[in-house]
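Just work.txt here, compact mmCIF, C-alpha atoms:
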```txt
# COMPACT_ATOMS: atom_id res chain seq x y z
CA MET V 1 98.21 111.01 134.55
CA ARG V 2 99.52 109.45 137.73
CA LEU V 3 98.92 105.83 138.72
CA THR V 4 99.89 104.42 142.14
CA LEU V 5 99.95 100.67 142.69
CA ALA V 6 99.57 99.80 146.38
CA ARG V 7 101.15 96.35 146.60
CA HIS V 8 100.13 93.78 149.22
CA PRO V 9 102.26 90.58 149.03
CA ILE V 10 100.29 87.32 149.29
CA THR V 11 101.92 84.06 150.39
CA GLU V 12 98.80 81.95 150.97
CA ILE V 13 95.09 81.81 150.19
CA GLN V 14 92.68 80.13 152.59
CA LEU V 15 89.01 79.42 151.90
CA ASP V 16 87.77 80.63 155.26
CA GLY V 17 85.52 83.67 155.68
CA PRO V 18 85.04 86.45 156.23
CA THR V 19 87.11 87.74 153.33
CA ARG V 20 90.05 89.62 154.79
CA LEU V 21 93.76 90.26 154.53
CA GLU V 22 95.88 89.28 157.54
CA GLY V 23 99.53 90.00 156.93
CA THR V 24 100.40 88.08 153.77
CA SER V 25 97.48 85.65 154.13
CA LEU V 26 94.29 86.16 152.12
CA PHE V 27 91.13 84.62 153.58
CA VAL V 28 88.18 84.19 151.23
CA ASP V 29 84.50 83.79 152.09
CA VAL V 30 83.59 81.32 149.35
CA ASP V 31 79.82 81.64 149.80
CA GLU V 32 79.93 85.43 149.60
CA LEU V 33 82.14 85.38 146.51
CA ARG V 34 79.95 82.76 144.82
CA GLN V 35 76.81 84.79 145.47
CA ALA V 36 78.46 87.91 144.10
CA LEU V 37 79.34 86.10 140.87
CA LEU V 38 75.89 84.49 140.56
CA SER V 39 74.33 87.95 140.45
CA ASP V 40 74.95 87.50 136.71
CA ASP V 41 71.92 85.38 135.81
CA ARG V 42 73.76 83.88 132.83
CA LEU V 43 75.68 81.73 135.31
CA GLU V 44 74.13 78.53 136.60
CA SER V 45 76.81 77.71 139.19
CA VAL V 46 80.38 78.54 140.14
CA ASP V 47 83.09 76.24 141.49
CA ILE V 48 85.95 77.72 143.53
CA ASP V 49 89.23 76.09 144.52
CA VAL V 50 92.82 76.95 145.48
CA VAL V 51 96.13 75.83 143.97
CA ARG V 52 99.52 76.50 145.55
CA PRO V 53 103.05 76.68 144.09
CA GLY V 54 104.76 73.29 143.82
CA GLU V 55 101.51 71.37 144.20
CA ASN V 56 101.32 68.27 142.01
CA CYS V 57 98.36 69.71 140.16
CA ARG V 58 97.25 70.57 136.64
CA ALA V 59 94.27 72.82 135.86
CA GLY V 60 92.49 73.68 132.65
CA PRO V 61 91.28 74.67 130.21
CA VAL V 62 92.48 78.15 131.22
CA PHE V 63 90.24 80.96 130.01
CA ASP V 64 92.11 83.81 131.73
CA ILE V 65 94.51 84.61 134.56
CA ILE V 66 94.05 87.91 136.39
CA GLU V 67 96.05 89.64 139.11
CA PRO V 68 93.62 90.70 141.87
CA ARG V 69 93.34 94.49 141.70
CA ALA V 70 90.81 97.02 142.97
CA LYS V 71 90.70 100.78 142.56
CA GLU V 72 89.95 103.06 145.49
CA SER V 73 87.71 105.03 143.12
CA GLY V 74 85.62 101.94 142.37
CA PHE V 75 86.07 102.30 138.59
CA ASP V 76 87.49 98.83 137.99
CA PHE V 77 87.97 97.55 134.43
CA PRO V 78 86.21 100.58 132.91
CA GLY V 79 83.79 99.83 130.13
CA ILE V 80 83.31 96.27 131.42
CA LEU V 81 82.61 96.40 135.15
CA SER V 82 82.19 100.16 135.49
CA ALA V 83 81.61 103.31 133.46
CA PRO V 84 84.22 103.84 130.71
CA VAL V 85 86.27 106.41 132.61
CA THR V 86 89.96 106.75 131.82
CA ALA V 87 92.04 103.96 133.37
CA GLY V 88 95.48 104.62 134.81
CA ILE V 89 94.59 107.37 137.28
CA GLY V 90 94.54 107.17 141.09
CA THR V 91 95.39 104.33 143.47
CA THR V 92 94.91 100.65 142.64
CA HIS V 93 95.41 97.98 145.31
CA VAL V 94 97.29 94.89 144.09
CA LEU V 95 97.45 91.44 145.73
CA GLU V 96 100.94 90.61 144.51
CA GLY V 97 101.74 86.92 144.34
CA ALA V 98 98.08 85.96 143.91
CA ALA V 99 96.03 85.24 140.80
CA VAL V 100 92.45 84.50 139.85
CA THR V 101 92.64 81.68 137.32
CA VAL V 102 89.42 81.27 135.35
CA LEU V 103 88.71 77.90 133.76
CA ASP V 104 86.30 77.46 130.89
CA GLY V 105 83.45 75.55 132.50
CA GLY V 106 81.45 74.95 129.35
CA PRO V 107 81.55 71.94 127.04
CA PRO V 108 84.65 71.80 124.80
CA ALA V 109 84.11 74.30 121.96
CA GLY V 110 85.93 77.06 120.16
CA PRO V 111 89.72 77.46 120.06
CA ALA V 112 92.02 75.31 122.16
CA ARG V 113 92.88 76.64 125.63
CA SER V 114 96.03 76.30 127.71
CA VAL V 115 96.63 74.54 131.01
CA LEU V 116 98.07 75.67 134.33
CA GLU V 117 101.05 73.48 135.18
CA MET V 118 102.09 73.87 138.84
CA SER V 119 104.93 71.34 139.14
CA GLY V 120 107.57 69.54 137.10
CA PRO V 121 110.02 70.74 134.44
CA ALA V 122 107.45 72.54 132.29
CA ALA V 123 106.22 74.61 135.25
CA GLU V 124 109.69 76.11 135.65
CA TYR V 125 109.14 78.02 132.40
CA SER V 126 105.89 79.67 133.52
CA ALA V 127 105.78 82.60 135.92
CA TYR V 128 102.29 81.50 136.90
CA SER V 129 103.58 78.39 138.67
CA SER V 130 104.98 80.57 141.47
CA LEU V 131 101.64 82.24 142.28
CA GLN V 132 98.87 81.45 144.74
CA HIS V 133 95.82 80.72 142.57
CA LEU V 134 92.17 81.10 143.39
CA VAL V 135 90.58 78.95 140.67
CA VAL V 136 87.14 80.05 139.49
CA ILE V 137 85.03 77.83 137.22
CA PRO V 138 81.85 79.57 136.02
CA HIS V 139 79.24 77.22 134.56
CA VAL V 140 77.02 79.13 132.16
CA ARG V 141 73.46 78.28 131.20
CA SER V 142 73.40 75.72 128.40
CA GLU V 143 71.07 77.75 126.16
CA LEU V 144 73.53 80.65 125.86
CA PRO V 145 75.30 81.18 122.53
CA TRP V 146 79.07 80.73 122.63
CA HIS V 147 79.92 84.45 122.60
CA ALA V 148 77.55 85.19 125.49
CA ALA V 149 79.02 82.32 127.49
CA GLN V 150 82.50 83.72 126.91
CA ASN V 151 81.37 87.18 128.00
CA ALA V 152 79.84 85.81 131.20
CA THR V 153 83.04 83.89 131.92
CA ARG V 154 85.19 86.98 131.33
CA ARG V 155 83.09 89.13 133.65
CA ALA V 156 83.08 86.47 136.37
CA GLY V 157 86.88 86.39 136.43
CA LEU V 158 87.23 90.16 136.54
CA ARG V 159 84.61 90.46 139.28
CA ALA V 160 86.36 87.80 141.36
CA SER V 161 89.70 89.60 141.03
CA VAL V 162 88.21 92.90 142.17
CA TYR V 163 86.36 91.21 145.05
CA LEU V 164 89.62 89.72 146.38
CA ALA V 165 91.64 92.92 146.01
CA GLN V 166 89.07 94.99 147.84
CA ALA V 167 90.37 93.27 150.98
CA GLY V 168 93.48 95.44 150.59
CA ILE V 169 91.64 98.76 150.53
CA GLY V 170 92.13 100.45 153.88
CA GLN V 171 95.17 98.28 154.66
CA LYS V 172 98.70 99.69 154.61
CA PRO V 173 100.53 98.29 151.56
CA ALA V 174 104.02 96.83 151.79
CA LEU V 175 105.07 98.98 148.84
CA GLU V 176 103.65 101.82 146.77
CA GLU V 177 104.82 102.15 143.18
CA THR V 178 103.97 105.32 141.31
CA PHE V 179 104.00 105.66 137.54
CA GLU V 180 104.57 109.33 136.77
CA SER V 181 103.23 111.13 133.75
CA VAL V 182 105.06 110.51 130.49
CA GLY V 183 104.70 112.15 127.09
CA PRO V 184 106.55 113.86 124.24
CA ALA V 185 106.36 117.27 125.91
CA GLU V 186 107.62 116.24 129.36
CA PRO V 187 110.28 118.74 130.52
CA GLY V 188 113.79 117.83 131.66
CA ARG V 189 114.34 115.05 129.13
CA ALA V 190 116.46 116.86 126.57
CA GLY V 191 119.03 114.66 124.85
CA LEU V 192 117.38 111.34 125.76
CA PRO V 193 116.05 109.11 122.96
CA ARG V 194 112.27 109.56 122.73
CA THR V 195 110.96 105.98 122.74
CA ALA V 196 107.43 104.73 122.01
CA TYR V 197 105.69 101.39 122.25
CA VAL V 198 103.49 100.21 119.36
CA GLY V 199 101.45 97.21 120.50
CA GLN V 200 98.82 95.18 118.69
CA LEU V 201 95.87 94.24 120.89
CA TYR V 202 93.77 92.29 118.38
CA SER V 203 93.97 90.61 114.98
CA ARG V 204 91.14 90.81 112.48
CA GLN V 205 91.97 87.31 111.29
CA ARG V 206 88.80 86.56 113.23
CA THR V 207 85.83 88.93 113.35
CA PRO V 208 85.35 89.98 116.99
CA GLU V 209 82.17 88.98 118.75
CA VAL V 210 79.70 91.77 119.39
CA ASP V 211 80.27 91.50 123.16
CA GLU V 212 84.02 90.80 123.00
CA GLN V 213 85.21 93.58 125.31
CA VAL V 214 88.87 94.20 124.49
CA LEU V 215 89.45 97.98 124.79
CA TYR V 216 87.36 99.87 127.35
CA GLY V 217 84.53 97.41 126.73
CA ALA V 218 84.64 97.81 122.93
CA ASN V 219 85.30 94.90 120.59
CA THR V 220 87.77 96.82 118.29
CA ASP V 221 85.48 96.43 115.24
CA GLY V 222 86.12 99.45 113.03
CA MET V 223 89.02 100.57 115.20
CA ILE V 224 92.05 102.31 113.73
CA PRO V 225 95.30 102.81 115.70
CA MET V 226 94.99 105.19 118.63
CA LEU V 227 97.13 106.75 121.33
CA LEU V 228 96.97 105.22 124.82
CA HIS V 229 98.81 106.36 127.91
CA PRO V 230 100.99 103.48 129.19
CA ASP V 231 99.03 103.45 132.45
CA GLU V 232 95.82 102.60 130.58
CA TRP V 233 97.33 99.27 129.51
CA LEU V 234 98.44 98.51 133.09
CA ASP V 235 95.23 99.51 134.85
CA GLY V 236 92.39 97.62 133.18
CA GLY V 237 91.81 99.55 129.96
CA VAL V 238 92.79 96.50 127.88
CA VAL V 239 91.90 92.82 128.30
CA PRO V 240 92.62 89.91 125.92
CA SER V 241 90.47 88.46 123.18
CA TYR V 242 88.21 85.45 123.76
CA SER V 243 90.46 83.51 121.39
CA ALA V 244 93.61 82.23 123.08
CA ALA V 245 94.86 81.09 119.68
CA LEU V 246 95.20 84.72 118.57
CA GLY V 247 97.79 85.88 121.06
CA GLY V 248 98.46 83.72 124.08
CA ALA V 249 97.98 86.65 126.45
CA GLU V 250 96.15 86.82 129.75
CA THR V 251 94.79 89.84 131.62
CA TYR V 252 97.66 89.32 134.09
CA PHE V 253 100.05 90.01 131.22
CA TYR V 254 98.50 93.39 130.42
CA GLN V 255 98.51 94.33 134.10
CA ASN V 256 102.25 93.59 134.22
CA SER V 257 103.26 94.28 130.60
CA PRO V 258 107.02 93.62 130.47
CA VAL V 259 107.63 96.04 127.60
CA ILE V 260 105.78 98.93 129.23
CA THR V 261 107.19 98.32 132.72
CA ASP V 262 110.73 98.03 131.38
CA LEU V 263 110.37 101.22 129.35
CA TYR V 264 109.11 102.88 132.53
CA ARG V 265 112.13 101.54 134.47
CA ARG V 266 114.56 102.92 131.94
CA HIS V 267 112.62 106.19 131.81
CA HIS V 268 112.95 106.61 135.58
CA ALA V 269 116.64 105.66 135.39
CA GLY V 270 117.24 108.49 132.92
CA GLU V 271 118.21 106.17 130.07
CA LEU V 272 115.40 107.23 127.70
CA ASN V 273 112.29 109.36 127.43
CA PHE V 274 109.23 107.10 127.30
CA VAL V 275 106.85 109.23 125.24
CA GLY V 276 103.77 106.98 125.09
CA THR V 277 102.11 104.13 123.25
CA VAL V 278 100.08 103.39 120.14
CA ALA V 279 97.44 100.66 120.36
CA THR V 280 96.89 99.03 117.00
CA ILE V 281 95.33 95.96 115.37
CA ALA V 282 96.32 93.58 112.60
CA GLY V 283 94.31 94.02 109.41
CA SER V 284 91.89 91.67 107.71
CA ASP V 285 93.14 92.35 104.18
CA ASN V 286 95.77 94.40 102.34
CA ALA V 287 93.74 97.63 102.33
CA ASP V 288 93.05 97.30 106.07
CA ARG V 289 96.74 96.58 106.70
CA ASP V 290 97.91 99.59 104.69
CA LEU V 291 95.60 101.92 106.60
CA ASN V 292 96.45 100.59 110.06
CA CYS V 293 100.19 100.51 109.50
CA GLN V 294 100.23 104.03 108.05
CA VAL V 295 98.14 105.49 110.87
CA ALA V 296 100.23 103.74 113.55
CA ALA V 297 103.46 105.02 112.00
CA ASN V 298 102.14 108.56 111.65
CA LEU V 299 100.91 108.68 115.27
CA THR V 300 104.30 107.47 116.46
CA ARG V 301 106.15 110.06 114.40
CA TRP V 302 103.92 113.12 114.46
CA ALA V 303 101.91 112.78 117.69
CA LEU V 304 104.55 111.18 119.93
CA ASN V 305 107.57 112.69 118.13
CA ALA V 306 109.47 109.47 118.77
CA ASP V 307 113.07 108.71 117.85
CA ALA V 308 112.67 104.97 118.49
CA ALA V 309 109.89 102.41 118.88
CA VAL V 310 109.40 98.90 120.24
CA LEU V 311 106.78 96.86 118.36
CA THR V 312 104.92 93.68 119.33
CA LYS V 313 102.25 91.61 117.59
CA TYR V 314 99.09 89.73 118.59
CA GLY V 315 98.47 86.54 116.68
CA GLY V 316 100.04 84.59 113.82
CA GLY V 317 101.37 85.35 110.35
CA VAL V 318 99.12 88.28 109.39
CA PRO V 319 99.96 90.26 112.57
CA HIS V 320 103.62 89.35 112.02
CA ALA V 321 103.57 90.94 108.57
CA ASP V 322 101.60 93.98 109.79
CA MET V 323 104.10 94.61 112.57
CA ALA V 324 107.01 94.38 110.11
CA GLU V 325 105.33 96.77 107.67
CA THR V 326 104.71 99.29 110.46
CA ALA V 327 108.38 99.02 111.43
CA ARG V 328 109.43 99.54 107.81
CA LEU V 329 107.33 102.70 107.59
CA LEU V 330 108.76 103.97 110.88
CA GLU V 331 112.32 103.38 109.69
CA GLY V 332 111.44 105.39 106.57
CA LEU V 333 110.34 108.24 108.85
CA GLY V 334 113.70 108.16 110.64
CA ILE V 335 112.52 106.20 113.70
CA ARG V 336 114.71 103.29 114.76
CA THR V 337 112.73 100.17 115.59
CA ALA V 338 113.03 96.90 117.50
CA VAL V 339 110.45 94.18 116.81
CA MET V 340 109.53 91.14 118.88
CA VAL V 341 108.78 88.01 116.88
CA SER V 342 107.80 84.43 117.61
CA ASP V 343 107.87 81.49 115.24
CA MET V 344 104.37 80.04 114.84
CA SER V 345 105.52 77.24 112.51
CA ARG V 346 106.05 73.74 113.86
CA ASP V 347 108.45 72.29 111.28
CA ARG V 348 111.56 74.16 112.52
CA ARG V 349 112.32 75.41 109.00
CA VAL V 350 113.63 78.90 108.35
CA GLU V 351 111.42 79.13 105.27
CA SER V 352 108.32 78.70 107.43
CA ALA V 353 109.37 81.26 110.02
CA LEU V 354 110.64 83.99 107.68
CA LEU V 355 107.59 86.17 107.02
CA PHE V 356 109.42 89.42 106.24
CA ASN V 357 112.81 90.46 105.00
CA PHE V 358 113.22 94.22 105.23
CA PRO V 359 116.93 95.15 105.46
CA GLU V 360 116.10 98.30 107.44
CA VAL V 361 114.20 96.31 110.12
CA ASP V 362 117.30 94.69 111.57
CA ALA V 363 116.75 94.77 115.36
CA VAL V 364 114.73 91.57 115.85
CA VAL V 365 114.13 89.95 119.24
CA TYR V 366 113.05 86.32 119.01
CA GLN V 367 110.84 85.04 121.85
CA GLY V 368 110.74 81.33 121.14
CA GLY V 369 108.42 79.21 119.04
CA VAL V 370 105.48 76.91 119.52
CA ASP V 371 107.53 73.81 118.67
CA THR V 372 109.13 73.67 122.14
CA SER V 373 107.55 70.90 124.21
CA TRP V 374 107.94 68.86 127.40
CA PRO V 375 106.84 65.36 128.43
CA VAL V 376 104.78 65.77 131.60
CA PRO V 377 103.87 62.96 134.01
CA PRO V 378 100.44 62.16 135.47
CA VAL V 379 99.45 64.45 138.35
CA GLU V 380 97.91 63.70 141.72
CA ARG V 381 95.27 66.40 141.41
CA VAL V 382 93.32 67.81 138.48
CA ILE V 383 91.04 70.83 138.47
CA ALA V 384 89.05 70.96 135.27
CA GLY V 385 86.28 73.00 133.73
CA ASN V 386 84.52 69.94 132.35
CA THR V 387 84.63 66.14 132.50
CA LYS V 388 86.37 65.67 129.17
CA ALA V 389 89.11 68.08 130.19
CA ALA V 390 89.58 66.27 133.51
CA GLU V 391 90.23 62.98 131.73
CA SER V 392 92.75 64.46 129.30
CA LEU V 393 94.62 66.51 131.92
CA ALA V 394 95.21 63.66 134.37
CA VAL V 395 97.43 61.49 132.19
CA SER V 396 101.04 61.65 131.06
CA GLN V 397 101.38 63.61 127.82
CA GLN V 398 103.47 65.95 125.69
CA LEU V 399 102.67 69.63 126.22
CA THR V 400 103.89 72.35 123.87
CA ALA V 401 104.88 75.84 124.91
CA SER V 402 101.60 77.22 123.58
CA ASN V 403 99.62 74.70 125.68
CA ILE V 404 101.07 75.89 129.01
CA ALA V 405 99.83 79.20 130.39
CA GLY V 406 102.65 81.68 130.91
CA VAL V 407 105.31 80.02 128.74
CA SER V 408 104.69 81.40 125.25
CA ASN V 409 103.75 85.05 124.87
CA GLN V 410 104.25 87.30 121.86
CA GLN V 411 104.52 90.56 123.77
CA GLY V 412 107.58 89.85 125.90
CA ALA V 413 106.22 87.83 128.83
CA THR V 414 108.07 84.65 127.91
CA ARG V 415 110.98 82.65 129.25
CA LEU V 416 111.86 81.19 125.87
CA LYS V 417 114.64 82.48 123.67
CA ALA V 418 116.63 81.45 120.65
CA ALA V 419 120.00 79.72 121.04
CA ILE V 420 122.63 79.05 118.39
CA TYR V 421 124.05 75.52 118.67
```

Can you dump the structure from the file as structure tokens?
Amino acid sequence: MRLTLARHPITEIQLDGPTRLEGTSLFVDVDELRQALLSDDRLESVDIDVVRPGENCRAGPVFDIIEPRAKESGFDFPGILSAPVTAGIGTTHVLEGAAVTVLDGGPPAGPARSVLEMSGPAAEYSAYSSLQHLVVIPHVRSELPWHAAQNATRRAGLRASVYLAQAGIGQKPALEETFESVGPAEPGRAGLPRTAYVGQLYSRQRTPEVDEQVLYGANTDGMIPMLLHPDEWLDGGVVPSYSAALGGAETYFYQNSPVITDLYRRHHAGELNFVGTVATIAGSDNADRDLNCQVAANLTRWALNADAAVLTKYGGGVPHADMAETARLLEGLGIRTAVMVSDMSRDRRVESALLFNFPEVDAVVYQGGVDTSWPVPPVERVIAGNTKAAESLAVSQQLTASNIAGVSNQQGATRLKAAIY
């Protein structure tokens, strides 16, 4: 597999058609984009706005944040927007520095969502505050069940991101980045530690909705761990769950996965041999956990022939324990592990945070906890998915790390860390 990202830097977005890319400026035909999104008859209307870095603005509730990308082949987000062909092959155009931020335009329901904070001290801890945002608010038909409304919202965001990025096709990119083939049998890597990534992409703490398209359009129900090429994560094969409470990830995160991209960097630098990834899920009970952990460990050892593995989780305490058990099994197979953990407790007690204690799992990277918070002042401008959200976002309040998009992330995309004091 060979994936090339054709990167077009974006420094401003203007709502002025026709949609085109001029230098680092992206011009958007709002009417054309709106009509394209309203081709989904589950949507009643769509609001579109722009937010710029440093603007005294707060937006929410955030459903998803997506980096605008479009494939020259036309097979974007396979299994969701196109046929389920293999992602991670060919050329994908990227509008770097831009984002499509999708707000939940329905009445408040379901799990709590995060907010986009564009100024002030809290914004400094989110990578999203430095991006140019096209804000899309899909308003679904009131008679739709919750899961169908979420599916329509997800598809609207992905379609908007592809629509924007298609402006880069045919344009000369500022930079082309190629991700070469990796795998356990790649020649010329003798003597380098064979390193794998084992990443959870869903937790069965909540039964997935029938139309909750997480992996190539499938909802992960009945899934056992499977091998994925790293490029499949980066190129639209995986999107997050409907439930922000189960992971704190956005599509933008998967497109720019810090673990995968850093393993690639070290692979290209000749520091290690990146042999591939295992996509897994957290179990719903002990039997489910035992099966998933055993299969993930065996794939890492016998299919990828790894010497070392980096593991991340998706969710709260159950995924935490599943990740630790997988690491314990890997250590027993002679594979050295490093695990990424985050403290989901709010009482700052070690007893609450300590969910495993395996002596052999001793390389633990802590990514901050949900108890970190900031007082934020009122803002001059609010963009909200609904009236109730607008009222709550406008005022001065205390926001926790998990409330601010881009601050808390369990798979490495975080600016929080532990400090001894």

Query raised in the report: If you count all atoms listed in the file, which residues fall within 9 Å of V:Arg206, apart from same-chain ones fewer than 3 positions away, as number ranges by chain?
Result: V: 203, 209, 243, 246, 284

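Using only C-alpha atoms, the smallest distance between any of V:Arg155, V:Ser161, V:Leu228, V:Leu103 and V:Lys71 comes from V:Ser161.
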
Requested in this report: Using only C-alpha atoms, find all polymer residues with an atom at most 7 Å away from the point (111.8, 92.8, 109.2); report them as a list in words.
Outcome: Ala324, Phe356, Asn357, Phe358, Pro359, Val361 and Asp362 of chain V

Query raised in the report: Neighbours of V:Leu234 within 10 Å (only C-alpha atoms; same-chain residues fewer than 5 positions away dropped), as a list in words?
Result: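 Those residues are Leu3, Leu5, Ala87, Gly88, His229, Val239, Thr251, Tyr252, Phe253, Tyr254, Gln255, Asn256, Ser257, Ile260 and Thr261 of chain V.
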
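Comparing the minimum interatomic distances between V:Asn409 and each of V:Pro208, V:Gly385, V:Pro378, V:Gly368, counting all atoms listed in the file, we find that V:Gly368 sits nearest.
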
Query raised in the report: From the list V:Thr4, V:Asn298, V:Thr220, V:Ser45, which residue is nearest V:Arg141 when using only C-alpha atoms?
Result: V:Ser45

Spatial neighbours of V:Ala190, 12 Å, all atoms listed in the file, chain gap at least 6 places, as an mmCIF file with C-alpha atoms, in the frame of the given file:
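After the write, result17.cif holds the following:
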```cif
data_model
loop_
_atom_site.group_PDB
_atom_site.id
_atom_site.type_symbol
_atom_site.label_atom_id
_atom_site.label_comp_id
_atom_site.auth_asym_id
_atom_site.auth_seq_id
_atom_site.Cartn_x
_atom_site.Cartn_y
_atom_site.Cartn_z
ATOM 1 C CA PRO V 184 106.550 113.860 124.240
ATOM 2 C CA GLY V 270 117.240 108.490 132.920
ATOM 3 C CA GLU V 271 118.210 106.170 130.070
ATOM 4 C CA LEU V 272 115.400 107.230 127.700
ATOM 5 C CA ASN V 273 112.290 109.360 127.430
#
```

Query raised in the report: V:Asp31: which residues within 12 Å, counting all atoms listed in the file, same-chain residues fewer than 5 positions away excluded, as a ChimeraX atom specification?
Result: /V:15-19,36-38,45-48

Using the selection just defined, write its residues with C-alpha atoms as a compact mmCIF listing (two decimals), keeping the file's coordinate frame.
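The resulting out-v2.txt:
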```
# COMPACT_ATOMS: atom_id res chain seq x y z
CA LEU V 15 89.01 79.42 151.90
CA ASP V 16 87.77 80.63 155.26
CA GLY V 17 85.52 83.67 155.68
CA PRO V 18 85.04 86.45 156.23
CA THR V 19 87.11 87.74 153.33
CA ALA V 36 78.46 87.91 144.10
CA LEU V 37 79.34 86.10 140.87
CA LEU V 38 75.89 84.49 140.56
CA SER V 45 76.81 77.71 139.19
CA VAL V 46 80.38 78.54 140.14
CA ASP V 47 83.09 76.24 141.49
CA ILE V 48 85.95 77.72 143.53
```

**Report entry** Distance criterion (only C-alpha atoms): nearest to V:Val102 out of V:Phe75, V:Tyr197, V:Tyr128, V:Phe63
**Finding:** V:Phe63

Query raised in the report: What's the 12 Å shell around V:Ser129, counting only C-alpha atoms, without same-chain residues fewer than 4 positions away, as an NGL selection string?
Result: :V and (51-59 or 65 or 97-99 or 101 or 115-125 or 133 or 404-407)

So that I have them on file, write out the residues from the current selection with C-alpha atoms, as a PDB file, in the coordinates of the input.
```pdb
ATOM      1  CA  VAL V  51      96.130  75.830 143.970  1.00  0.00           C
ATOM      2  CA  ARG V  52      99.520  76.500 145.550  1.00  0.00           C
ATOM      3  CA  PRO V  53     103.050  76.680 144.090  1.00  0.00           C
ATOM      4  CA  GLY V  54     104.760  73.290 143.820  1.00  0.00           C
ATOM      5  CA  GLU V  55     101.510  71.370 144.200  1.00  0.00           C
ATOM      6  CA  ASN V  56     101.320  68.270 142.010  1.00  0.00           C
ATOM      7  CA  CYS V  57      98.360  69.710 140.160  1.00  0.00           C
ATOM      8  CA  ARG V  58      97.250  70.570 136.640  1.00  0.00           C
ATOM      9  CA  ALA V  59      94.270  72.820 135.860  1.00  0.00           C
ATOM     10  CA  ILE V  65      94.510  84.610 134.560  1.00  0.00           C
ATOM     11  CA  GLY V  97     101.740  86.920 144.340  1.00  0.00           C
ATOM     12  CA  ALA V  98      98.080  85.960 143.910  1.00  0.00           C
ATOM     13  CA  ALA V  99      96.030  85.240 140.800  1.00  0.00           C
ATOM     14  CA  THR V 101      92.640  81.680 137.320  1.00  0.00           C
ATOM     15  CA  VAL V 115      96.630  74.540 131.010  1.00  0.00           C
ATOM     16  CA  LEU V 116      98.070  75.670 134.330  1.00  0.00           C
ATOM     17  CA  GLU V 117     101.050  73.480 135.180  1.00  0.00           C
ATOM     18  CA  MET V 118     102.090  73.870 138.840  1.00  0.00           C
ATOM     19  CA  SER V 119     104.930  71.340 139.140  1.00  0.00           C
ATOM     20  CA  GLY V 120     107.570  69.540 137.100  1.00  0.00           C
ATOM     21  CA  PRO V 121     110.020  70.740 134.440  1.00  0.00           C
ATOM     22  CA  ALA V 122     107.450  72.540 132.290  1.00  0.00           C
ATOM     23  CA  ALA V 123     106.220  74.610 135.250  1.00  0.00           C
ATOM     24  CA  GLU V 124     109.690  76.110 135.650  1.00  0.00           C
ATOM     25  CA  TYR V 125     109.140  78.020 132.400  1.00  0.00           C
ATOM     26  CA  HIS V 133      95.820  80.720 142.570  1.00  0.00           C
ATOM     27  CA  ILE V 404     101.070  75.890 129.010  1.00  0.00           C
ATOM     28  CA  ALA V 405      99.830  79.200 130.390  1.00  0.00           C
ATOM     29  CA  GLY V 406     102.650  81.680 130.910  1.00  0.00           C
ATOM     30  CA  VAL V 407     105.310  80.020 128.740  1.00  0.00           C
TER      31      VAL V 407
END
```

Requested in this report: Can you work out the spacing between atom CA of V:Ala296 and atom CA of V:Thr326 in Å, to one decimal?
Outcome: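 The value is 7.0 Å.
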
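Proximity to V:Gln200 was assessed for V:Gly170, V:Gly60, V:Gly23, V:Gly283 counting all atoms listed in the file; the smallest distance is recorded for V:Gly283.
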
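For the residues V:Met323, V:Ala282, V:Leu215, V:Ala303, ranking by smallest atom-to-atom distance to V:Val85 using all atoms listed in the file places V:Leu215 first.
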
Report task. Just give me the gap between atom CA of V:Arg189 and atom CA of V:Leu330 in Å, one decimal is fine. Result -> 22.1 Å

Please return the centre and edge lengths, in Å to one decimal, of a box with edges along x, y and z that contains all listed atoms of stretch 204-216 of chain V, widened by 5 Å on every side, as JSON.
```
{"center_x": 85.8, "center_y": 93.2, "center_z": 119.3, "size_x": 22.3, "size_y": 23.3, "size_z": 26.1}
```

Query raised in the report: What is the atom CA of V:Asp371 to atom CA of V:Ala401 distance in Å?
Result: 7.1 Å
